[in-house]
file my_file_32.tsv (TSV, C-alpha atoms and all ligand atoms)
chain	number	residue	atom	x	y	z
A	1	MET	CA	-13.40	8.05	2.52
A	2	PRO	CA	-13.45	11.84	2.85
A	3	ASP	CA	-16.76	13.55	2.16
A	4	ALA	CA	-14.89	15.85	-0.22
A	5	VAL	CA	-13.94	12.83	-2.36
A	6	LEU	CA	-17.47	11.43	-2.35
A	7	ARG	CA	-18.96	14.83	-3.14
A	8	ALA	CA	-16.54	15.28	-6.05
A	9	MET	CA	-17.76	11.96	-7.48
A	10	HIS	CA	-21.42	12.80	-7.08
A	11	ARG	CA	-22.05	14.37	-10.48
A	12	ALA	CA	-23.53	13.73	-13.87
A	13	SER	CA	-21.37	12.00	-16.46
A	14	PRO	CA	-18.87	14.46	-17.90
A	15	ASN	CA	-18.00	14.93	-21.54
A	16	ILE	CA	-15.34	12.28	-22.18
A	17	TYR	CA	-14.24	13.76	-25.52
A	18	GLU	CA	-12.88	17.14	-24.55
A	19	GLY	CA	-12.78	19.84	-21.93
A	20	GLU	CA	-12.76	19.61	-18.14
A	21	LEU	CA	-12.16	15.86	-17.80
A	22	HIS	CA	-9.11	16.04	-20.05
A	23	ASP	CA	-7.61	18.94	-18.10
A	24	LEU	CA	-8.43	17.29	-14.78
A	25	THR	CA	-6.75	14.03	-15.83
A	26	ALA	CA	-3.60	15.82	-16.95
A	27	SER	CA	-3.53	17.68	-13.63
A	28	LEU	CA	-3.42	14.41	-11.67
A	29	ILE	CA	-0.07	13.33	-13.09
A	30	PRO	CA	2.20	15.93	-11.44
A	31	ASP	CA	0.41	15.43	-8.12
A	32	LEU	CA	0.75	11.65	-8.29
A	33	ARG	CA	4.46	12.15	-9.01
A	34	ARG	CA	4.68	14.46	-5.98
A	35	VAL	CA	3.10	11.90	-3.68
A	36	ALA	CA	5.46	9.19	-4.99
A	37	ARG	CA	8.45	11.57	-4.88
A	38	THR	CA	9.45	10.85	-8.43
A	39	THR	CA	10.06	12.62	-11.71
A	40	GLY	CA	9.40	9.31	-13.45
A	41	ASP	CA	6.33	8.19	-15.35
A	42	VAL	CA	3.02	6.93	-14.04
A	43	ALA	CA	0.54	4.71	-15.85
A	44	ILE	CA	-3.04	4.55	-14.53
A	45	TYR	CA	-5.19	1.46	-14.99
A	46	ILE	CA	-8.83	0.81	-14.21
A	47	GLY	CA	-8.28	-1.88	-11.63
A	48	ASN	CA	-7.32	-2.72	-8.08
A	49	GLY	CA	-3.94	-3.50	-6.57
A	50	HIS	CA	-3.85	-6.90	-8.22
A	51	ALA	CA	-4.08	-5.14	-11.59
A	52	ALA	CA	-1.07	-3.00	-10.68
A	53	TRP	CA	0.84	-6.17	-9.76
A	54	GLU	CA	0.08	-7.70	-13.15
A	55	ALA	CA	0.68	-4.45	-15.05
A	56	SER	CA	4.17	-4.06	-13.61
A	57	LEU	CA	5.16	-7.64	-14.41
A	58	ALA	CA	3.53	-7.65	-17.86
A	59	ASN	CA	5.70	-4.73	-18.95
A	60	LEU	CA	8.99	-6.08	-17.63
A	61	CYS	CA	8.90	-9.85	-17.79
A	62	ALA	CA	8.23	-12.56	-20.33
A	63	PRO	CA	7.39	-16.18	-19.46
A	64	GLY	CA	10.57	-17.91	-18.30
A	65	ASP	CA	12.10	-14.74	-16.86
A	66	ARG	CA	13.31	-14.95	-13.28
A	67	VAL	CA	12.23	-12.68	-10.40
A	68	LEU	CA	13.15	-12.68	-6.72
A	69	VAL	CA	10.26	-11.95	-4.34
A	70	LEU	CA	10.95	-10.91	-0.75
A	71	CYS	CA	7.99	-11.88	1.44
A	72	THR	CA	7.12	-10.45	4.84
A	73	GLY	CA	3.47	-11.47	4.78
A	74	ARG	CA	0.55	-12.56	2.66
A	75	PHE	CA	0.80	-9.79	0.07
A	76	GLY	CA	4.38	-10.61	-0.88
A	77	HIS	CA	3.24	-14.16	-1.56
A	78	GLY	CA	0.29	-12.81	-3.55
A	79	TRP	CA	2.59	-10.90	-5.90
A	80	ALA	CA	4.79	-14.02	-6.20
A	81	GLU	CA	1.78	-16.18	-7.09
A	82	MET	CA	0.75	-13.70	-9.75
A	83	ALA	CA	4.28	-13.83	-11.22
A	84	GLU	CA	4.14	-17.63	-11.26
A	85	LYS	CA	0.80	-17.65	-13.09
A	86	LEU	CA	2.31	-15.33	-15.68
A	87	GLY	CA	4.86	-18.07	-16.36
A	88	LEU	CA	7.80	-16.44	-14.61
A	89	VAL	CA	10.41	-18.40	-12.66
A	90	VAL	CA	9.88	-17.16	-9.12
A	91	ASP	CA	12.39	-17.37	-6.29
A	92	VAL	CA	10.72	-16.59	-2.97
A	93	LEU	CA	12.65	-15.53	0.11
A	94	ASP	CA	10.23	-15.84	3.01
A	95	PHE	CA	11.14	-13.80	6.08
A	96	GLY	CA	8.12	-14.93	8.07
A	97	GLN	CA	5.38	-12.78	9.57
A	98	THR	CA	7.17	-10.87	12.29
A	99	ALA	CA	10.50	-9.80	10.74
A	100	THR	CA	11.58	-7.44	7.99
A	101	VAL	CA	13.65	-8.41	4.96
A	102	ASP	CA	17.07	-9.70	6.02
A	103	ALA	CA	19.82	-8.07	3.94
A	104	GLY	CA	22.20	-11.01	4.35
A	105	ARG	CA	19.82	-13.47	2.73
A	106	VAL	CA	19.09	-11.10	-0.15
A	107	THR	CA	22.81	-10.57	-0.70
A	108	ALA	CA	23.36	-14.34	-0.78
A	109	ALA	CA	20.52	-14.86	-3.27
A	110	LEU	CA	21.89	-12.16	-5.57
A	111	ALA	CA	25.45	-13.51	-5.29
A	112	ALA	CA	24.22	-16.99	-6.22
A	113	ASP	CA	22.71	-15.55	-9.41
A	114	THR	CA	26.07	-15.51	-11.18
A	115	ASP	CA	24.65	-15.12	-14.69
A	116	GLY	CA	22.40	-12.21	-13.68
A	117	ALA	CA	19.19	-14.05	-14.54
A	118	ILE	CA	17.11	-12.27	-11.88
A	119	LYS	CA	15.37	-9.45	-13.72
A	120	ALA	CA	13.66	-7.85	-10.76
A	121	VAL	CA	13.49	-7.91	-6.97
A	122	LEU	CA	9.93	-7.49	-5.68
A	123	VAL	CA	9.03	-6.34	-2.18
A	124	CYS	CA	6.16	-4.75	-0.27
A	125	GLN	CA	7.13	-1.60	1.61
A	126	THR	CA	4.32	-2.43	4.03
A	127	ASP	CA	2.83	-5.89	4.02
A	128	THR	CA	-0.75	-5.24	5.05
A	129	SER	CA	-1.26	-8.70	6.54
A	130	THR	CA	1.53	-8.32	9.10
A	131	GLY	CA	2.01	-4.57	9.48
A	132	ILE	CA	5.73	-4.96	8.78
A	133	ARG	CA	7.43	-2.01	7.09
A	134	ASN	CA	10.54	-2.82	5.09
A	135	ASP	CA	13.51	-0.49	4.70
A	136	VAL	CA	13.40	0.14	0.95
A	137	ALA	CA	16.42	2.46	0.90
A	138	ALA	CA	18.50	-0.22	2.59
A	139	LEU	CA	17.36	-2.75	0.02
A	140	ARG	CA	18.59	-0.48	-2.78
A	141	GLY	CA	21.93	-0.47	-0.97
A	142	VAL	CA	21.93	-4.28	-0.95
A	143	LEU	CA	21.36	-4.44	-4.72
A	144	ASP	CA	24.04	-1.83	-5.35
A	145	ALA	CA	26.55	-3.52	-3.06
A	146	ALA	CA	25.93	-6.81	-4.87
A	147	GLY	CA	26.50	-5.05	-8.19
A	148	HIS	CA	23.31	-6.71	-9.44
A	149	ALA	CA	21.37	-5.10	-12.28
A	150	ALA	CA	17.91	-6.36	-11.23
A	151	LEU	CA	15.20	-3.74	-11.10
A	152	LEU	CA	13.84	-2.85	-7.65
A	153	MET	CA	10.03	-3.08	-7.68
A	154	VAL	CA	8.11	-1.95	-4.62
A	155	ASP	CA	4.47	-2.47	-3.65
A	156	CYS	CA	3.31	0.70	-1.87
A	157	MET	CA	-0.40	-0.13	-1.93
A	158	ALA	CA	-0.71	0.22	1.83
A	159	SER	CA	1.98	2.82	2.41
A	160	LEU	CA	1.72	5.49	-0.30
A	161	GLY	CA	0.53	8.71	1.31
A	162	CYS	CA	0.99	7.21	4.80
A	163	ASP	CA	4.62	6.24	5.35
A	164	VAL	CA	7.70	8.09	4.19
A	165	PHE	CA	8.52	6.93	0.68
A	166	GLU	CA	11.06	8.46	-1.70
A	167	MET	CA	10.91	6.73	-5.06
A	168	ASP	CA	13.78	8.60	-6.73
A	169	ALA	CA	16.00	9.24	-3.72
A	170	TRP	CA	15.79	5.58	-2.72
A	171	GLY	CA	16.48	4.31	-6.24
A	172	VAL	CA	13.19	2.49	-6.71
A	173	ASP	CA	12.67	1.56	-10.37
A	174	VAL	CA	9.01	0.55	-10.25
A	175	MET	CA	6.36	1.29	-7.65
A	176	VAL	CA	2.81	-0.03	-7.67
A	177	ALA	CA	-0.15	1.39	-5.76
A	178	GLY	CA	-3.93	1.60	-5.73
A	179	CYS	CA	-6.24	4.52	-4.99
A	180	GLN	CA	-8.25	3.02	-2.12
A	181	LYS	CA	-5.85	3.14	0.79
A	182	GLY	CA	-3.71	6.17	1.58
A	183	LEU	CA	-5.14	7.91	-1.48
A	184	MET	CA	-8.64	7.79	0.02
A	185	THR	CA	-10.60	7.12	-3.20
A	186	PRO	CA	-13.02	4.21	-3.76
A	187	ALA	CA	-11.21	1.16	-5.18
A	188	GLY	CA	-10.86	1.22	-8.95
A	189	LEU	CA	-7.63	2.95	-9.97
A	190	ALA	CA	-4.26	1.20	-10.09
A	191	PHE	CA	-0.96	3.00	-10.56
A	192	VAL	CA	2.38	1.84	-11.90
A	193	PHE	CA	5.19	4.35	-11.46
A	194	PHE	CA	8.35	3.61	-13.41
A	195	ASN	CA	11.66	5.33	-14.02
A	196	ALA	CA	13.75	5.56	-17.20
A	197	ARG	CA	15.77	2.50	-16.22
A	198	ALA	CA	12.61	0.40	-16.04
A	199	ALA	CA	11.20	1.95	-19.21
A	200	ALA	CA	14.34	0.92	-21.08
A	201	ARG	CA	13.79	-2.69	-20.02
A	202	GLN	CA	10.24	-3.05	-21.24
A	203	VAL	CA	9.80	-6.44	-22.92
A	204	ALA	CA	9.12	-6.60	-26.64
A	205	ARG	CA	5.64	-8.03	-26.38
A	206	VAL	CA	3.11	-6.36	-24.08
A	207	SER	CA	-0.63	-6.37	-24.73
A	208	ALA	CA	-2.14	-3.06	-25.76
A	209	TRP	CA	-4.07	-3.07	-22.47
A	210	TRP	CA	-1.07	-3.55	-20.15
A	211	ASP	CA	1.44	-1.48	-22.18
A	212	TRP	CA	2.41	1.37	-19.85
A	213	THR	CA	3.94	3.61	-22.54
A	214	PRO	CA	0.82	5.11	-24.14
A	215	ARG	CA	-0.83	5.39	-20.71
A	216	ALA	CA	2.10	7.38	-19.37
A	217	ARG	CA	2.72	9.33	-22.60
A	218	PRO	CA	-0.64	9.46	-24.37
A	219	ALA	CA	-0.84	11.09	-27.77
A	220	GLN	CA	-4.65	10.97	-27.50
A	221	PHE	CA	-6.76	11.21	-24.36
A	222	TYR	CA	-8.25	7.71	-24.70
A	223	GLN	CA	-4.75	6.22	-24.43
A	224	TYR	CA	-4.55	7.21	-20.75
A	225	PHE	CA	-6.93	4.32	-20.06
A	226	ASP	CA	-6.98	2.39	-23.35
A	227	GLY	CA	-10.69	3.09	-23.59
A	228	THR	CA	-13.31	4.91	-21.57
A	229	ALA	CA	-11.86	6.91	-18.71
A	230	PRO	CA	-12.84	6.00	-15.12
A	231	THR	CA	-14.59	9.36	-15.06
A	232	HIS	CA	-15.91	9.66	-11.50
A	233	HIS	CA	-12.85	8.10	-9.92
A	234	LEU	CA	-10.75	10.79	-11.53
A	235	TYR	CA	-12.84	13.50	-9.88
A	236	GLY	CA	-12.57	11.68	-6.56
A	237	LEU	CA	-8.82	11.29	-6.87
A	238	ARG	CA	-8.48	14.97	-7.77
A	239	ALA	CA	-10.20	15.88	-4.49
A	240	ALA	CA	-8.04	13.43	-2.52
A	241	LEU	CA	-4.81	14.77	-3.99
A	242	ASP	CA	-6.01	18.30	-3.24
A	243	MET	CA	-6.46	17.31	0.41
A	244	ILE	CA	-2.97	15.81	0.58
A	245	GLY	CA	-1.54	18.86	-1.15
A	246	ALA	CA	-3.30	21.26	1.22
A	247	GLU	CA	-2.07	19.41	4.31
A	248	GLY	CA	1.40	18.85	2.88
A	249	LEU	CA	2.81	15.36	2.29
A	250	GLU	CA	5.31	15.59	5.16
A	251	ASN	CA	2.49	16.60	7.51
A	252	VAL	CA	0.44	13.66	6.25
A	253	TRP	CA	3.35	11.35	7.07
A	254	THR	CA	3.72	12.90	10.54
A	255	ARG	CA	-0.01	12.59	11.24
A	256	HIS	CA	0.15	8.88	10.42
A	257	ALA	CA	3.23	8.43	12.63
A	258	VAL	CA	1.63	10.15	15.64
A	259	LEU	CA	-1.67	8.29	15.32
A	260	SER	CA	0.20	4.98	15.00
A	261	ARG	CA	2.14	5.69	18.17
A	262	ALA	CA	-1.13	6.41	19.98
A	263	ILE	CA	-2.54	3.03	18.94
A	264	TRP	CA	0.63	1.21	19.94
A	265	ALA	CA	0.73	2.95	23.33
A	266	ALA	CA	-2.77	1.66	24.04
A	267	CYS	CA	-1.78	-1.84	22.90
A	268	ASP	CA	1.27	-1.84	25.16
A	269	VAL	CA	-0.93	-1.04	28.16
A	270	TRP	CA	-3.57	-3.63	27.25
A	271	GLY	CA	-0.88	-6.24	26.67
A	272	SER	CA	0.76	-5.59	30.03
A	273	ALA	CA	-1.83	-7.79	31.76
A	274	GLY	CA	-3.24	-10.21	29.20
A	275	PRO	CA	-2.66	-11.94	25.87
A	276	LEU	CA	-2.87	-8.91	23.55
A	277	ARG	CA	0.34	-8.32	21.60
A	278	LEU	CA	1.50	-6.26	18.66
A	279	ASN	CA	2.71	-8.48	15.83
A	280	VAL	CA	5.87	-6.47	15.20
A	281	THR	CA	7.88	-6.01	18.40
A	282	ASP	CA	10.24	-3.29	17.15
A	283	ALA	CA	8.24	-0.07	16.74
A	284	GLY	CA	10.76	1.14	14.15
A	285	LEU	CA	9.75	-1.70	11.83
A	286	ARG	CA	6.01	-1.14	12.11
A	287	SER	CA	3.84	0.32	9.38
A	288	HIS	CA	2.16	3.66	10.06
A	289	SER	CA	-0.95	2.60	8.16
A	290	VAL	CA	-1.94	-0.82	9.48
A	291	THR	CA	-1.35	-2.62	12.77
A	292	SER	CA	-1.64	-6.37	13.26
A	293	ILE	CA	-2.62	-7.53	16.74
A	294	GLY	CA	-2.71	-11.00	18.27
A	295	LEU	CA	-4.91	-12.44	21.00
A	296	GLU	CA	-5.68	-16.03	21.96
A	297	ALA	CA	-7.58	-18.37	19.62
A	298	GLY	CA	-11.16	-17.18	19.11
A	299	GLN	CA	-10.66	-13.86	20.89
A	300	GLY	CA	-9.73	-11.89	17.77
A	301	ASP	CA	-12.96	-12.89	16.03
A	302	ALA	CA	-15.02	-12.30	19.19
A	303	LEU	CA	-13.62	-8.79	19.53
A	304	ARG	CA	-14.17	-8.05	15.84
A	305	ARG	CA	-17.77	-9.21	16.03
A	306	TRP	CA	-18.46	-7.13	19.15
A	307	CYS	CA	-16.93	-4.02	17.57
A	308	GLU	CA	-18.85	-4.52	14.32
A	309	HIS	CA	-22.26	-5.32	15.77
A	310	THR	CA	-22.29	-3.29	18.96
A	311	ALA	CA	-20.21	-0.27	18.10
A	312	GLY	CA	-20.29	0.04	14.30
A	313	LEU	CA	-16.52	-0.33	14.06
A	314	THR	CA	-15.17	-2.68	11.38
A	315	LEU	CA	-11.80	-4.30	12.11
A	316	GLY	CA	-9.59	-6.16	9.65
A	317	ILE	CA	-9.44	-9.95	9.77
A	318	GLY	CA	-6.32	-11.91	10.68
A	319	LEU	CA	-5.15	-12.33	7.11
A	320	GLY	CA	-2.83	-15.28	6.56
A	321	ARG	CA	-2.43	-15.96	10.27
A	322	GLU	CA	-2.70	-19.17	12.28
A	323	PRO	CA	-5.08	-19.43	14.03
A	324	ALA	CA	-6.81	-16.69	12.01
A	325	ASP	CA	-9.44	-16.11	14.71
A	326	ALA	CA	-6.77	-14.99	17.18
A	327	TRP	CA	-5.72	-12.05	15.03
A	328	PHE	CA	-7.20	-8.78	13.88
A	329	ARG	CA	-5.89	-5.67	12.18
A	330	LEU	CA	-6.45	-1.95	12.49
A	331	GLY	CA	-6.38	0.13	9.34
A	332	HIS	CA	-5.26	3.67	10.10
A	333	MET	CA	-4.44	4.92	6.64
A	334	GLY	CA	-5.57	7.96	4.75
A	335	HIS	CA	-8.51	9.92	6.10
A	336	VAL	CA	-7.87	9.54	9.83
A	337	ASN	CA	-7.45	12.09	12.58
A	338	ALA	CA	-7.00	12.05	16.34
A	339	GLN	CA	-10.73	12.02	17.01
A	340	MET	CA	-11.20	8.90	14.87
A	341	ILE	CA	-8.20	7.10	16.35
A	342	LEU	CA	-9.22	7.90	19.94
A	343	GLY	CA	-12.68	6.60	19.06
A	344	LEU	CA	-11.08	3.46	17.69
A	345	VAL	CA	-8.95	2.93	20.79
A	346	ALA	CA	-11.79	3.57	23.26
A	347	THR	CA	-14.09	1.25	21.32
A	348	LEU	CA	-11.49	-1.50	21.35
A	349	GLU	CA	-11.13	-1.04	25.09
A	350	ALA	CA	-14.89	-1.38	25.51
A	351	GLY	CA	-14.75	-4.52	23.37
A	352	LEU	CA	-11.97	-6.06	25.46
A	353	ILE	CA	-14.07	-5.46	28.59
A	354	ALA	CA	-17.29	-6.75	27.02
A	355	CYS	CA	-15.62	-9.87	25.63
A	356	ARG	CA	-13.92	-10.51	28.99
A	357	ILE	CA	-10.49	-10.57	27.38
A	358	PRO	CA	-7.91	-9.89	30.12
A	359	HIS	CA	-6.02	-6.64	29.55
A	360	GLY	CA	-4.19	-3.89	31.37
A	361	ALA	CA	-6.37	-0.89	32.27
A	362	GLY	CA	-5.70	2.56	30.83
A	363	GLY	CA	-5.02	1.95	27.15
A	364	ALA	CA	-7.23	4.81	26.01
A	365	ARG	CA	-5.49	7.12	28.50
A	366	ALA	CA	-2.09	6.13	27.09
A	367	ALA	CA	-3.26	6.88	23.54
A	368	ALA	CA	-4.64	10.24	24.66
A	369	GLU	CA	-1.28	11.12	26.20
A	370	VAL	CA	0.52	10.45	22.92
A	371	ILE	CA	-1.93	12.65	21.03
A	372	ALA	CA	-1.66	15.41	23.64
A	373	ALA	CA	2.14	15.31	23.69
A	374	ALA	CA	2.34	15.61	19.90
A	375	SER	CA	0.12	18.68	19.73
A	401	LIG	C1	-4.39	-4.04	-0.66
A	401	LIG	C2	-3.06	-4.53	-1.07
A	401	LIG	C3	-2.84	-5.23	-2.27
A	401	LIG	C4	-3.94	-5.65	-3.18
A	401	LIG	O1	-4.76	-4.65	-3.55
A	401	LIG	P1	-6.22	-4.99	-4.11
A	401	LIG	O2	-6.76	-3.66	-4.44
A	401	LIG	O3	-6.95	-5.66	-2.99
A	401	LIG	O4	-6.06	-5.87	-5.28
A	401	LIG	C5	-1.55	-5.58	-2.60
A	401	LIG	N1	-0.51	-5.30	-1.81
A	401	LIG	C6	-0.68	-4.67	-0.64
A	401	LIG	C7	0.51	-4.38	0.21
A	401	LIG	C8	-1.95	-4.27	-0.23
A	401	LIG	O5	-2.11	-3.64	0.94
call {"tool": "encode", "arguments": {"input": "my_file_32.tsv", "output": "structure tokens"}}
result
Amino acid sequence: MPDAVLRAMHRASPNIYEGELHDLTASLIPDLRRVARTTGDVAIYIGNGHAAWEASLANLCAPGDRVLVLCTGRFGHGWAEMAEKLGLVVDVLDFGQTATVDAGRVTAALAADTDGAIKAVLVCQTDTSTGIRNDVAALRGVLDAAGHAALLMVDCMASLGCDVFEMDAWGVDVMVAGCQKGLMTPAGLAFVFFNARAAARQVARVSAWWDWTPRARPAQFYQYFDGTAPTHHLYGLRAALDMIGAEGLENVWTRHAVLSRAIWAACDVWGSAGPLRLNVTDAGLRSHSVTSIGLEAGQGDALRRWCEHTAGLTLGIGLGREPADAWFRLGHMGHVNAQMILGLVATLEAGLIACRIPHGAGGARAAAEVIAAAS
């Protein structure tokens, strides 16, 4: 969380009826569009990523409607479970935890839907539990080639502002995100981006709270949030978007790519003489915001505990993995620079030594070489 974001939030309550807060809120919209690379609409909700999941489905699907969910980890299944609880008929294609979406299977599922019942195809660009990054542009190609009219809905919670994403150029109809990952703002704002094609397919009955239309096109300020604005989060987000704008989105993407490669270079060295392995073998299919790493049973938890208690470094748990205590994850999204990532890598190396987990020597050196070469 950048200090600039926290400082922007540290203020007295603003006037919610007129003035600065209204102007500031309006100013967020074009910058959110810029980060998502869209000229489409964006609705903002007070909520987390789960709220964005529900918001997107509530606007486009009624109970009994069919959706196809492409799963490459725990979060894909999470979106599918939410759809099920909303009464939708959910077809899940599970691609496991180490592979990206397979175009052939998606093509077959769409071809089998001869009456065009599937209203939307749902996928995570990055599944945060596995660190797999799906090729969203290719998926658009699969839908087009199949001649299927389903909307393409993409979860960019973990990838927006980290990995290259082009909502309009890639033909994404709906994109959901939250503010607490690449957008560097404390959890509490959820975003649903939608294009004209999706807007035209809004279902007849949407609750006033979930309805994205007044939020995206408010006639009155209170309609942005259907009630009191999330005042301080808006100031925080303004500061975060200013930081992204000042650096330049392409530079933000490049920074994430370089720092990811540094982490992976260290992992390759550590794994050359021991059990440590990157979950996704093909570097081209790895997320630039989160990396999932496997060890032997118990070792992942031991390393996490050492890093947390000895070095003040919090690692992610092995979400959805078996055995969970063999796995851990590194979040490298948003407010990260070379100094932080080299600190992360060196701390992990210290942890591997302290926990007596066999590993190849020189991981930190390998990461440093990647950083140096990119400068
Ligand atoms: C974090 C995340 C979510 C859920 O977001 P919450 O804010 O925890 O509800 C959903 N999908 C992906 C890919 C995520 O990384």
call {"tool": "residues_near_ligand", "arguments": {"input": "my_file_32.tsv", "ligand": "ligand LIG 401 (chain A)", "cutoff": "6 Å", "atoms": "all atoms listed in the file", "output": "ChimeraX atom specification"}}
result
/A:48-50,75,124,126-128,155,157-158
call {"tool": "closest_residue", "arguments": {"input": "my_file_32.tsv", "among": "A:Trp209, A:Trp327, A:Phe193, A:Tyr224", "to": "Thr39 in chain A", "atoms": "only C-alpha atoms"}}
result
A:Phe193
call {"tool": "residues_around", "arguments": {"input": "my_file_32.tsv", "residues": "Val280 in chain A", "least_positions_apart": "5", "cutoff": "8 Å", "atoms": "all atoms listed in the file", "output": "ChimeraX atom specification"}}
result
/A:98-99,130-132,285-286,292
call {"tool": "residues_around", "arguments": {"input": "my_file_32.tsv", "residues": "Leu70 in chain A", "least_positions_apart": "2", "cutoff": "7 Å", "atoms": "only C-alpha atoms", "output": "list in words"}}
result
Leu68, Thr72, Gly76, Val92, Leu93, Asp94, Val101, Leu122 and Val123 of chain A
call {"tool": "atom_distance", "arguments": {"input": "my_file_32.tsv", "atom1": "CA of Gly227 in chain A", "atom2": "CA of Glu18 in chain A"}}
result
14.3 Å
call {"tool": "residues_around", "arguments": {"input": "my_file_32.tsv", "residues": "range 2-4 of chain A", "least_positions_apart": "3", "cutoff": "12 Å", "atoms": "only C-alpha atoms", "output": "PyMOL selection string"}}
result
chain A and resi 7-10+180-186+235-244+333-337
call {"tool": "residues_around", "arguments": {"input": "my_file_32.tsv", "residues": "range 54-63 of chain A", "least_positions_apart": "4", "cutoff": "6 Å", "atoms": "only C-alpha atoms", "output": "number ranges by chain"}}
result
A: 87-88, 202-203, 206, 210
call {"tool": "closest_atom_pairs", "arguments": {"input": "my_file_32.tsv", "of": "range 217-293 of chain A", "to": "range 360-365 of chain A", "cutoff": "9 Å", "atoms": "only C-alpha atoms", "output": "tab-separated table"}}
result
residue	atom	partner	partner_atom	distance
A:Ala262	CA	A:Ala364	CA	8.7
A:Ile263	CA	A:Gly363	CA	8.6
A:Ala265	CA	A:Gly363	CA	7.0
A:Ala266	CA	A:Gly363	CA	3.8
A:Cys267	CA	A:Gly363	CA	6.6
A:Asp268	CA	A:Gly363	CA	7.6
A:Val269	CA	A:Gly363	CA	5.2
A:Trp270	CA	A:Gly360	CA	4.2
A:Gly271	CA	A:Gly360	CA	6.2
A:Ser272	CA	A:Gly360	CA	5.4
A:Ala273	CA	A:Gly360	CA	4.6
A:Gly274	CA	A:Gly360	CA	6.7
call {"tool": "atom_distance", "arguments": {"input": "my_file_32.tsv", "atom1": "CA of Ala187 in chain A", "atom2": "CA of Ile46 in chain A"}}
result
9.3 Å
call {"tool": "atom_distance", "arguments": {"input": "my_file_32.tsv", "atom1": "CA of Asn251 in chain A", "atom2": "CA of Gly141 in chain A"}}
result
27.2 Å
